[in-house]
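Here's upload01.txt, which has compact mmCIF, N, CA and C atoms and all ligand atoms:
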# COMPACT_ATOMS: atom_id res chain seq x y z
N MET A 273 -42.40 -71.74 -17.86
CA MET A 273 -43.19 -71.86 -19.08
C MET A 273 -43.65 -70.49 -19.56
N SER A 274 -43.49 -70.23 -20.83
CA SER A 274 -43.91 -68.94 -21.37
C SER A 274 -45.41 -68.94 -21.64
N GLU A 275 -45.98 -67.75 -21.55
CA GLU A 275 -47.41 -67.65 -21.79
C GLU A 275 -47.68 -67.66 -23.28
N GLU A 276 -48.67 -68.38 -23.69
CA GLU A 276 -48.96 -68.47 -25.11
C GLU A 276 -49.93 -67.36 -25.52
N CYS A 277 -49.76 -66.90 -26.77
CA CYS A 277 -50.60 -65.79 -27.23
C CYS A 277 -52.07 -66.22 -27.35
N CYS A 278 -52.28 -67.41 -27.90
CA CYS A 278 -53.66 -67.88 -27.95
C CYS A 278 -53.80 -69.01 -26.94
N SER A 279 -54.38 -68.67 -25.80
CA SER A 279 -54.40 -69.64 -24.71
C SER A 279 -55.28 -70.83 -25.06
N LYS A 280 -54.75 -72.00 -24.83
CA LYS A 280 -55.48 -73.23 -25.10
C LYS A 280 -56.55 -73.45 -24.04
N THR A 281 -57.71 -73.82 -24.47
CA THR A 281 -58.73 -74.22 -23.51
C THR A 281 -58.67 -75.73 -23.38
N GLU A 282 -59.28 -76.26 -22.35
CA GLU A 282 -59.30 -77.71 -22.14
C GLU A 282 -59.87 -78.41 -23.38
N ASN A 283 -60.83 -77.75 -24.03
CA ASN A 283 -61.50 -78.37 -25.18
C ASN A 283 -60.61 -78.51 -26.40
N SER A 284 -59.65 -77.61 -26.53
CA SER A 284 -58.80 -77.68 -27.70
C SER A 284 -57.71 -78.74 -27.54
N LEU A 285 -57.52 -79.21 -26.33
CA LEU A 285 -56.55 -80.28 -26.11
C LEU A 285 -57.18 -81.60 -26.52
N ASN A 286 -56.35 -82.49 -27.05
CA ASN A 286 -56.86 -83.80 -27.37
C ASN A 286 -56.88 -84.65 -26.10
N THR A 287 -58.06 -84.81 -25.53
CA THR A 287 -58.15 -85.49 -24.24
C THR A 287 -58.73 -86.89 -24.38
N ASN A 288 -58.71 -87.43 -25.61
CA ASN A 288 -59.23 -88.78 -25.80
C ASN A 288 -58.10 -89.77 -26.03
N CYS A 289 -58.24 -90.95 -25.43
CA CYS A 289 -57.23 -92.00 -25.54
C CYS A 289 -56.96 -92.31 -27.02
N PRO A 290 -55.68 -92.27 -27.44
CA PRO A 290 -55.38 -92.50 -28.85
C PRO A 290 -55.67 -93.95 -29.29
N LEU A 291 -55.81 -94.86 -28.32
CA LEU A 291 -56.05 -96.26 -28.69
C LEU A 291 -57.54 -96.57 -28.82
N ASN A 292 -58.33 -96.24 -27.79
CA ASN A 292 -59.75 -96.62 -27.86
C ASN A 292 -60.70 -95.42 -27.92
N GLY A 293 -60.15 -94.21 -27.88
CA GLY A 293 -60.99 -93.03 -28.07
C GLY A 293 -61.76 -92.57 -26.85
N ALA A 294 -61.61 -93.30 -25.72
CA ALA A 294 -62.33 -92.91 -24.50
C ALA A 294 -61.78 -91.60 -23.95
N LYS A 295 -62.66 -90.83 -23.34
CA LYS A 295 -62.24 -89.55 -22.77
C LYS A 295 -61.36 -89.80 -21.55
N GLY A 296 -60.20 -89.15 -21.52
CA GLY A 296 -59.28 -89.33 -20.40
C GLY A 296 -59.54 -88.35 -19.28
N LYS A 297 -59.05 -88.71 -18.08
CA LYS A 297 -59.14 -87.79 -16.95
C LYS A 297 -57.76 -87.22 -16.70
N ARG A 298 -57.69 -85.91 -16.55
CA ARG A 298 -56.43 -85.22 -16.33
C ARG A 298 -55.76 -85.74 -15.05
N VAL A 299 -54.47 -86.06 -15.14
CA VAL A 299 -53.71 -86.42 -13.94
C VAL A 299 -52.49 -85.52 -13.85
N GLN A 300 -52.03 -85.29 -12.63
CA GLN A 300 -50.83 -84.49 -12.41
C GLN A 300 -49.60 -85.31 -12.80
N THR A 301 -48.53 -84.66 -13.25
CA THR A 301 -47.32 -85.41 -13.60
C THR A 301 -46.71 -86.10 -12.38
N ILE A 302 -46.97 -85.58 -11.17
CA ILE A 302 -46.43 -86.21 -9.96
C ILE A 302 -46.91 -87.67 -9.85
N THR A 303 -48.13 -87.93 -10.36
CA THR A 303 -48.66 -89.29 -10.33
C THR A 303 -47.83 -90.20 -11.23
N LEU A 304 -47.51 -89.74 -12.41
CA LEU A 304 -46.68 -90.53 -13.32
C LEU A 304 -45.25 -90.69 -12.78
N LYS A 305 -44.70 -89.60 -12.22
CA LYS A 305 -43.34 -89.66 -11.66
C LYS A 305 -43.25 -90.70 -10.56
N SER A 306 -44.35 -90.84 -9.84
CA SER A 306 -44.35 -91.77 -8.71
C SER A 306 -44.56 -93.21 -9.15
N LEU A 307 -45.33 -93.44 -10.21
CA LEU A 307 -45.79 -94.80 -10.52
C LEU A 307 -45.18 -95.44 -11.77
N LEU A 308 -44.53 -94.65 -12.62
CA LEU A 308 -43.91 -95.25 -13.81
C LEU A 308 -42.64 -96.01 -13.44
N THR A 309 -42.34 -97.05 -14.20
CA THR A 309 -41.05 -97.73 -14.03
C THR A 309 -39.96 -96.74 -14.42
N PRO A 310 -38.74 -96.95 -13.90
CA PRO A 310 -37.64 -96.03 -14.24
C PRO A 310 -37.45 -95.87 -15.74
N LYS A 311 -37.58 -96.98 -16.48
CA LYS A 311 -37.38 -96.94 -17.92
C LYS A 311 -38.44 -96.07 -18.61
N ALA A 312 -39.67 -96.22 -18.18
CA ALA A 312 -40.75 -95.42 -18.77
C ALA A 312 -40.60 -93.95 -18.38
N LEU A 313 -40.20 -93.73 -17.12
CA LEU A 313 -40.05 -92.36 -16.61
C LEU A 313 -39.02 -91.57 -17.42
N GLU A 314 -38.03 -92.27 -17.97
CA GLU A 314 -37.00 -91.60 -18.77
C GLU A 314 -37.57 -90.93 -20.01
N THR A 315 -38.79 -91.32 -20.40
CA THR A 315 -39.37 -90.73 -21.61
C THR A 315 -40.50 -89.74 -21.28
N LEU A 316 -40.72 -89.47 -19.97
CA LEU A 316 -41.78 -88.53 -19.57
C LEU A 316 -41.54 -87.14 -20.15
N ASP A 317 -42.58 -86.56 -20.68
CA ASP A 317 -42.52 -85.20 -21.20
C ASP A 317 -43.16 -84.27 -20.17
N ALA A 318 -42.33 -83.71 -19.28
CA ALA A 318 -42.84 -82.99 -18.11
C ALA A 318 -43.61 -81.73 -18.47
N GLU A 319 -43.45 -81.26 -19.72
CA GLU A 319 -44.15 -80.04 -20.14
C GLU A 319 -45.53 -80.30 -20.70
N SER A 320 -45.88 -81.56 -20.88
CA SER A 320 -47.17 -81.84 -21.52
C SER A 320 -48.23 -82.23 -20.49
N ASN A 321 -49.47 -82.26 -20.94
CA ASN A 321 -50.59 -82.64 -20.07
C ASN A 321 -50.88 -84.12 -20.22
N TYR A 322 -50.95 -84.82 -19.10
CA TYR A 322 -51.23 -86.25 -19.15
C TYR A 322 -52.65 -86.56 -18.69
N PHE A 323 -53.18 -87.64 -19.27
CA PHE A 323 -54.55 -88.07 -18.98
C PHE A 323 -54.56 -89.56 -18.68
N PHE A 324 -55.55 -89.99 -17.89
CA PHE A 324 -55.69 -91.39 -17.48
C PHE A 324 -56.85 -91.99 -18.26
N CYS A 325 -56.62 -93.15 -18.89
CA CYS A 325 -57.69 -93.87 -19.58
C CYS A 325 -58.21 -94.94 -18.63
N ASP A 326 -59.48 -94.88 -18.23
CA ASP A 326 -59.98 -95.82 -17.22
C ASP A 326 -60.75 -97.00 -17.84
N SER A 327 -60.67 -97.17 -19.15
CA SER A 327 -61.38 -98.29 -19.79
C SER A 327 -60.76 -99.63 -19.40
N ILE A 328 -61.64 -100.58 -19.04
CA ILE A 328 -61.17 -101.87 -18.56
C ILE A 328 -60.41 -102.64 -19.63
N ASP A 329 -60.80 -102.50 -20.90
CA ASP A 329 -60.23 -103.32 -21.96
C ASP A 329 -59.16 -102.60 -22.78
N CYS A 330 -58.65 -101.49 -22.28
CA CYS A 330 -57.62 -100.74 -23.01
C CYS A 330 -56.30 -100.79 -22.23
N PRO A 331 -55.21 -101.20 -22.89
CA PRO A 331 -53.92 -101.30 -22.19
C PRO A 331 -53.26 -99.95 -21.90
N VAL A 332 -53.78 -98.89 -22.51
CA VAL A 332 -53.21 -97.56 -22.27
C VAL A 332 -53.63 -97.06 -20.89
N VAL A 333 -52.65 -96.69 -20.06
CA VAL A 333 -52.96 -96.13 -18.75
C VAL A 333 -52.91 -94.60 -18.83
N TYR A 334 -51.81 -94.08 -19.37
CA TYR A 334 -51.66 -92.62 -19.50
C TYR A 334 -51.37 -92.25 -20.95
N PHE A 335 -51.84 -91.09 -21.35
CA PHE A 335 -51.46 -90.54 -22.65
C PHE A 335 -51.38 -89.04 -22.50
N ASN A 336 -50.65 -88.40 -23.40
CA ASN A 336 -50.60 -86.94 -23.34
C ASN A 336 -51.17 -86.35 -24.61
N ASP A 337 -51.21 -85.01 -24.65
CA ASP A 337 -51.83 -84.33 -25.78
C ASP A 337 -50.89 -84.28 -26.98
N ARG A 338 -49.76 -84.99 -26.89
CA ARG A 338 -48.84 -85.04 -28.03
C ARG A 338 -48.75 -86.46 -28.59
N GLY A 339 -49.66 -87.32 -28.18
CA GLY A 339 -49.72 -88.66 -28.76
C GLY A 339 -48.89 -89.73 -28.05
N GLN A 340 -48.19 -89.35 -26.96
CA GLN A 340 -47.41 -90.35 -26.23
C GLN A 340 -48.33 -91.20 -25.35
N THR A 341 -48.02 -92.49 -25.22
CA THR A 341 -48.81 -93.34 -24.34
C THR A 341 -47.91 -94.14 -23.40
N PHE A 342 -48.44 -94.42 -22.21
CA PHE A 342 -47.82 -95.38 -21.29
C PHE A 342 -48.83 -96.49 -21.06
N ILE A 343 -48.37 -97.74 -21.19
CA ILE A 343 -49.29 -98.87 -21.04
C ILE A 343 -49.04 -99.59 -19.71
N LEU A 344 -49.84 -100.63 -19.46
CA LEU A 344 -49.80 -101.30 -18.15
C LEU A 344 -48.41 -101.69 -17.68
N VAL A 345 -47.57 -102.23 -18.58
CA VAL A 345 -46.23 -102.69 -18.16
C VAL A 345 -45.31 -101.52 -17.85
N ASP A 346 -45.71 -100.31 -18.16
CA ASP A 346 -44.89 -99.13 -17.84
C ASP A 346 -45.10 -98.67 -16.41
N LEU A 347 -46.03 -99.32 -15.69
CA LEU A 347 -46.28 -98.95 -14.29
C LEU A 347 -45.71 -100.01 -13.34
N LYS A 348 -45.31 -99.57 -12.17
CA LYS A 348 -44.73 -100.47 -11.18
C LYS A 348 -45.79 -101.28 -10.45
N ILE A 349 -47.05 -100.87 -10.58
CA ILE A 349 -48.13 -101.51 -9.84
C ILE A 349 -49.31 -101.82 -10.76
N PRO A 350 -50.18 -102.77 -10.36
CA PRO A 350 -51.36 -103.06 -11.17
C PRO A 350 -52.37 -101.91 -11.10
N VAL A 351 -53.18 -101.79 -12.15
CA VAL A 351 -54.16 -100.71 -12.22
C VAL A 351 -55.56 -101.26 -11.97
N PHE A 352 -56.19 -100.80 -10.90
CA PHE A 352 -57.50 -101.28 -10.47
C PHE A 352 -58.50 -101.39 -11.62
N GLN A 353 -58.62 -100.35 -12.43
CA GLN A 353 -59.65 -100.31 -13.48
C GLN A 353 -59.41 -101.34 -14.58
N LYS A 354 -58.15 -101.81 -14.71
CA LYS A 354 -57.80 -102.65 -15.85
C LYS A 354 -57.38 -104.06 -15.44
N ASP A 355 -57.48 -104.38 -14.18
CA ASP A 355 -57.04 -105.68 -13.68
C ASP A 355 -58.05 -106.17 -12.66
N GLN A 356 -58.73 -107.28 -12.97
CA GLN A 356 -59.80 -107.77 -12.11
C GLN A 356 -59.28 -108.71 -11.01
N GLY A 357 -57.95 -108.86 -10.89
CA GLY A 357 -57.35 -109.77 -9.92
C GLY A 357 -57.69 -109.41 -8.48
N PHE A 358 -57.72 -110.45 -7.62
CA PHE A 358 -58.08 -110.23 -6.21
C PHE A 358 -56.94 -109.62 -5.41
N GLN A 359 -55.73 -109.62 -5.98
CA GLN A 359 -54.58 -109.03 -5.29
C GLN A 359 -54.39 -107.56 -5.70
N VAL A 360 -55.34 -107.03 -6.43
CA VAL A 360 -55.21 -105.64 -6.91
C VAL A 360 -55.83 -104.68 -5.89
N PRO A 361 -55.11 -103.62 -5.52
CA PRO A 361 -55.67 -102.67 -4.56
C PRO A 361 -56.86 -101.90 -5.14
N VAL A 362 -57.83 -101.65 -4.28
CA VAL A 362 -58.90 -100.72 -4.61
C VAL A 362 -58.51 -99.37 -4.00
N CYS A 363 -58.12 -99.40 -2.71
CA CYS A 363 -57.50 -98.24 -2.06
C CYS A 363 -56.00 -98.48 -1.97
N TYR A 364 -55.24 -97.68 -2.72
CA TYR A 364 -53.79 -97.89 -2.78
C TYR A 364 -53.09 -97.36 -1.54
N CYS A 365 -53.63 -96.32 -0.92
CA CYS A 365 -52.96 -95.71 0.23
C CYS A 365 -52.96 -96.65 1.43
N PHE A 366 -54.11 -97.29 1.68
CA PHE A 366 -54.25 -98.08 2.91
C PHE A 366 -54.46 -99.55 2.63
N ASP A 367 -54.06 -99.96 1.41
CA ASP A 367 -53.93 -101.36 1.05
C ASP A 367 -55.22 -102.17 1.21
N TRP A 368 -56.31 -101.64 0.68
CA TRP A 368 -57.53 -102.44 0.63
C TRP A 368 -57.59 -103.14 -0.71
N LYS A 369 -57.02 -104.35 -0.76
CA LYS A 369 -57.10 -105.13 -1.98
C LYS A 369 -58.47 -105.78 -2.04
N ARG A 370 -58.85 -106.26 -3.25
CA ARG A 370 -60.17 -106.90 -3.39
C ARG A 370 -60.32 -108.06 -2.40
N ASP A 371 -59.26 -108.84 -2.22
CA ASP A 371 -59.43 -110.01 -1.34
C ASP A 371 -59.58 -109.62 0.13
N ARG A 372 -58.99 -108.49 0.54
CA ARG A 372 -59.17 -108.03 1.92
C ARG A 372 -60.62 -107.58 2.14
N ILE A 373 -61.17 -106.84 1.16
CA ILE A 373 -62.56 -106.40 1.25
C ILE A 373 -63.49 -107.60 1.27
N SER A 374 -63.24 -108.53 0.36
CA SER A 374 -64.08 -109.72 0.24
C SER A 374 -64.04 -110.57 1.51
N GLN A 375 -62.85 -110.75 2.05
CA GLN A 375 -62.68 -111.57 3.25
C GLN A 375 -63.45 -110.98 4.44
N GLU A 376 -63.34 -109.68 4.60
CA GLU A 376 -64.03 -109.03 5.72
C GLU A 376 -65.55 -109.18 5.57
N ILE A 377 -66.03 -109.03 4.35
CA ILE A 377 -67.48 -109.15 4.12
C ILE A 377 -67.94 -110.58 4.41
N GLN A 378 -67.16 -111.55 3.99
CA GLN A 378 -67.51 -112.95 4.25
C GLN A 378 -67.53 -113.26 5.75
N GLU A 379 -66.56 -112.69 6.46
CA GLU A 379 -66.44 -113.00 7.89
C GLU A 379 -67.44 -112.24 8.75
N THR A 380 -67.72 -110.99 8.39
CA THR A 380 -68.52 -110.14 9.28
C THR A 380 -69.82 -109.64 8.65
N ASN A 381 -70.01 -109.94 7.36
CA ASN A 381 -71.20 -109.47 6.65
C ASN A 381 -71.24 -107.94 6.58
N ASN A 382 -70.09 -107.34 6.66
CA ASN A 382 -70.01 -105.89 6.73
C ASN A 382 -68.65 -105.45 6.16
N SER A 383 -68.56 -104.20 5.69
CA SER A 383 -67.27 -103.69 5.26
C SER A 383 -66.94 -102.41 5.99
N THR A 384 -65.77 -102.38 6.61
CA THR A 384 -65.33 -101.17 7.30
C THR A 384 -64.40 -100.34 6.42
N ALA A 385 -64.22 -100.78 5.16
CA ALA A 385 -63.24 -100.12 4.28
C ALA A 385 -63.53 -98.62 4.14
N GLU A 386 -64.77 -98.28 3.77
CA GLU A 386 -65.06 -96.87 3.51
C GLU A 386 -64.90 -96.01 4.75
N SER A 387 -65.44 -96.47 5.89
CA SER A 387 -65.35 -95.63 7.10
C SER A 387 -63.90 -95.51 7.56
N SER A 388 -63.14 -96.59 7.42
CA SER A 388 -61.73 -96.55 7.80
C SER A 388 -60.95 -95.57 6.93
N ILE A 389 -61.17 -95.65 5.62
CA ILE A 389 -60.47 -94.76 4.69
C ILE A 389 -60.88 -93.30 4.93
N ARG A 390 -62.19 -93.09 5.15
CA ARG A 390 -62.67 -91.73 5.44
C ARG A 390 -61.97 -91.11 6.65
N ALA A 391 -61.78 -91.92 7.69
CA ALA A 391 -61.11 -91.42 8.89
C ALA A 391 -59.67 -91.02 8.58
N HIS A 392 -58.99 -91.82 7.75
CA HIS A 392 -57.61 -91.49 7.36
C HIS A 392 -57.57 -90.21 6.51
N ILE A 393 -58.57 -90.06 5.62
CA ILE A 393 -58.63 -88.85 4.79
C ILE A 393 -58.79 -87.62 5.67
N GLN A 394 -59.70 -87.74 6.66
CA GLN A 394 -59.94 -86.61 7.55
C GLN A 394 -58.72 -86.25 8.38
N ALA A 395 -57.89 -87.26 8.66
CA ALA A 395 -56.67 -87.02 9.43
C ALA A 395 -55.53 -86.56 8.52
N GLY A 396 -55.83 -86.38 7.23
CA GLY A 396 -54.82 -85.85 6.30
C GLY A 396 -53.76 -86.85 5.89
N ARG A 397 -54.07 -88.14 5.94
CA ARG A 397 -53.08 -89.17 5.65
C ARG A 397 -53.13 -89.71 4.23
N CYS A 398 -54.14 -89.27 3.48
CA CYS A 398 -54.39 -89.83 2.16
C CYS A 398 -53.39 -89.28 1.13
N GLY A 399 -52.84 -90.15 0.27
CA GLY A 399 -51.87 -89.70 -0.74
C GLY A 399 -52.17 -90.23 -2.13
N CYS A 400 -53.43 -90.09 -2.54
CA CYS A 400 -53.87 -90.65 -3.82
C CYS A 400 -53.06 -90.16 -5.00
N GLU A 401 -52.61 -88.90 -4.95
CA GLU A 401 -51.92 -88.35 -6.12
C GLU A 401 -50.59 -89.04 -6.39
N VAL A 402 -50.02 -89.71 -5.38
CA VAL A 402 -48.77 -90.42 -5.62
C VAL A 402 -48.89 -91.94 -5.47
N ASN A 403 -50.04 -92.43 -5.00
CA ASN A 403 -50.22 -93.86 -4.79
C ASN A 403 -51.18 -94.52 -5.77
N ASN A 404 -52.24 -93.81 -6.12
CA ASN A 404 -53.30 -94.38 -6.95
C ASN A 404 -53.09 -93.99 -8.42
N PRO A 405 -53.04 -94.99 -9.34
CA PRO A 405 -52.81 -94.66 -10.75
C PRO A 405 -53.80 -93.64 -11.31
N GLN A 406 -55.03 -93.60 -10.79
CA GLN A 406 -55.97 -92.61 -11.32
C GLN A 406 -55.68 -91.21 -10.77
N GLY A 407 -54.81 -91.11 -9.79
CA GLY A 407 -54.35 -89.82 -9.28
C GLY A 407 -55.35 -89.10 -8.41
N SER A 408 -56.45 -89.78 -8.07
CA SER A 408 -57.48 -89.14 -7.26
C SER A 408 -58.09 -90.14 -6.29
N CYS A 409 -58.97 -89.65 -5.46
CA CYS A 409 -59.55 -90.42 -4.36
C CYS A 409 -60.21 -91.73 -4.81
N CYS A 410 -60.03 -92.76 -4.00
CA CYS A 410 -60.50 -94.11 -4.35
C CYS A 410 -61.91 -94.41 -3.87
N LEU A 411 -62.54 -93.51 -3.10
CA LEU A 411 -63.79 -93.87 -2.39
C LEU A 411 -64.91 -94.37 -3.31
N ALA A 412 -65.03 -93.77 -4.50
CA ALA A 412 -66.08 -94.22 -5.43
C ALA A 412 -65.81 -95.67 -5.84
N ASN A 413 -64.54 -96.00 -6.06
CA ASN A 413 -64.18 -97.38 -6.42
C ASN A 413 -64.46 -98.33 -5.27
N ILE A 414 -64.16 -97.87 -4.04
CA ILE A 414 -64.41 -98.69 -2.85
C ILE A 414 -65.89 -99.02 -2.75
N ARG A 415 -66.73 -98.00 -2.89
CA ARG A 415 -68.19 -98.22 -2.78
C ARG A 415 -68.68 -99.21 -3.82
N LYS A 416 -68.20 -99.05 -5.06
CA LYS A 416 -68.59 -99.93 -6.16
C LYS A 416 -68.17 -101.37 -5.86
N GLU A 417 -66.96 -101.52 -5.37
CA GLU A 417 -66.39 -102.84 -5.14
C GLU A 417 -67.07 -103.53 -3.93
N VAL A 418 -67.35 -102.77 -2.88
CA VAL A 418 -68.03 -103.32 -1.72
C VAL A 418 -69.40 -103.86 -2.13
N LYS A 419 -70.10 -103.10 -2.95
CA LYS A 419 -71.41 -103.51 -3.45
C LYS A 419 -71.29 -104.81 -4.25
N LYS A 420 -70.28 -104.86 -5.12
CA LYS A 420 -70.06 -106.00 -5.99
C LYS A 420 -69.73 -107.26 -5.18
N LEU A 421 -68.96 -107.08 -4.10
CA LEU A 421 -68.46 -108.22 -3.33
C LEU A 421 -69.40 -108.63 -2.20
N SER A 422 -70.43 -107.83 -1.96
CA SER A 422 -71.36 -108.13 -0.85
C SER A 422 -72.38 -109.19 -1.26
ZN ZN A 501 -57.62 -96.21 -23.67
Reformat the file's structure so that it appears as structure tokens.
Amino acid sequence: MSEECCSKTENSLNTNCPLNGAKGKRVQTITLKSLLTPKALETLDAESNYFFCDSIDCPVVYFNDRGQTFILVDLKIPVFQKDQGFQVPVCYCFDWKRDRISQEIQETNNSTAESSIRAHIQAGRCGCEVNNPQGSCCLANIRKEVKKLS
């Protein structure tokens, strides 16, 4: 990539979802390469910056600063933030779906999800950038979900 004469700052990029206007979170292209369906991946613009829209009621999952969008059906997996189903993973790396978290809480009145995931993170086993659609650590989602299901 050539260096531009007037370097763009993060602020000059359009980082808001073109559909609902929510501010997107920057994701690495490796996340899209890993999670898009083959058909959607064929249209990936590897030179552009992609962002994740985490709004529950917006079908857009990724968009770039050139107006391109990828929606839910363009991903091989369900998106935690946009799908309230019990079969949807909260932690994608170690397969903590909502029903697994809920079941453990019902049976033991306790959740080992966070401590278990933390141990895996410390052992260097976590792969959020290629497993989780948000491209980053799931722990905040785990805490929120454990609270909700307790
Ligand atoms: Zn959106």
- Task: Can you tell me which residues come within 8 Å of ligand ZN 501 (chain A) when counting only C-alpha atoms and all ligand atoms, ideally as a VMD selection string?
- Result: chain A and resid 288 to 294 296 325 to 327 329 to 333
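Residue-level DSSP output for chain A, from the backbone, shows strand (DSSP E or B) at Asn288, Lys295, Lys297, Arg298, Val299, Leu308, Tyr322, Phe323, Phe324, Val332, Val333, Tyr334, Phe335, Asn336, Thr341, Phe342, Ile343, Leu347, Pro361, Val362, Cys363, Trp368 and Lys369 of chain A.
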- Surrounding residues of region 300-304 of chain A excluding itself and chain neighbours under 4 positions, 7 Å, all atoms listed in the file, as a count of residues only: 11
- Distance atom N of Ala391 (chain A)-atom C of Lys297 (chain A), one decimal place? 25.2 Å
- Message: Can you pull out every residue from chain A that DSSP, working from the backbone, puts in alpha helix (DSSP H), and format the result as a ChimeraX atom specification?
- Response: /A:301-307,310-313,370-380,385-394,400-403,411-421
- Task: Take the point (-64.9, -97.6, 4.9) as written in the file and pick out every residue within 10 Å of it, counting only C-alpha atoms; give the list as an MDAnalysis selection string.
- Result: chainID A and resid 368 373 382:392 411 414:415 418
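CA of Gly396 (chain A) sits 24.8 Å away from CA of Pro350 (chain A).
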Hey, can I get the axis-aligned box for region 367-384 of chain A? All listed atoms, 3 Å padding on each side, centre and edge lengths in Å to one decimal, as AutoDock Vina command-line options.
--center_x -62.6 --center_y -106.6 --center_z 2.9 --size_x 23.3 --size_y 19.3 --size_z 18.7
- Query: What does the distance from atom N of Asp367 (chain A) to atom N of Cys409 (chain A) come to in Å, to one decimal?
  - Reply: 13.3 Å
- Leaving out Ser422 (chain A) and any residue of its chain fewer than 5 positions from it, which residues lie within 8 Å of it when counting all atoms listed in the file, given as number ranges by chain? A: 373-374, 377-378, 381-382, 416-417
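Ranking A:Phe324, A:Lys419, A:Lys348, A:Tyr364 by their shortest atom-to-atom distance to Ser306 (chain A), with all atoms listed in the file included, puts A:Lys348 first.
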- Task: Could you give me, as a PyMOL selection string, the residues within 5 Å of Phe335 (chain A), counting all atoms listed in the file and dropping anything in the same chain fewer than 5 positions from it?
- Result: chain A and resi 322-323+340-342
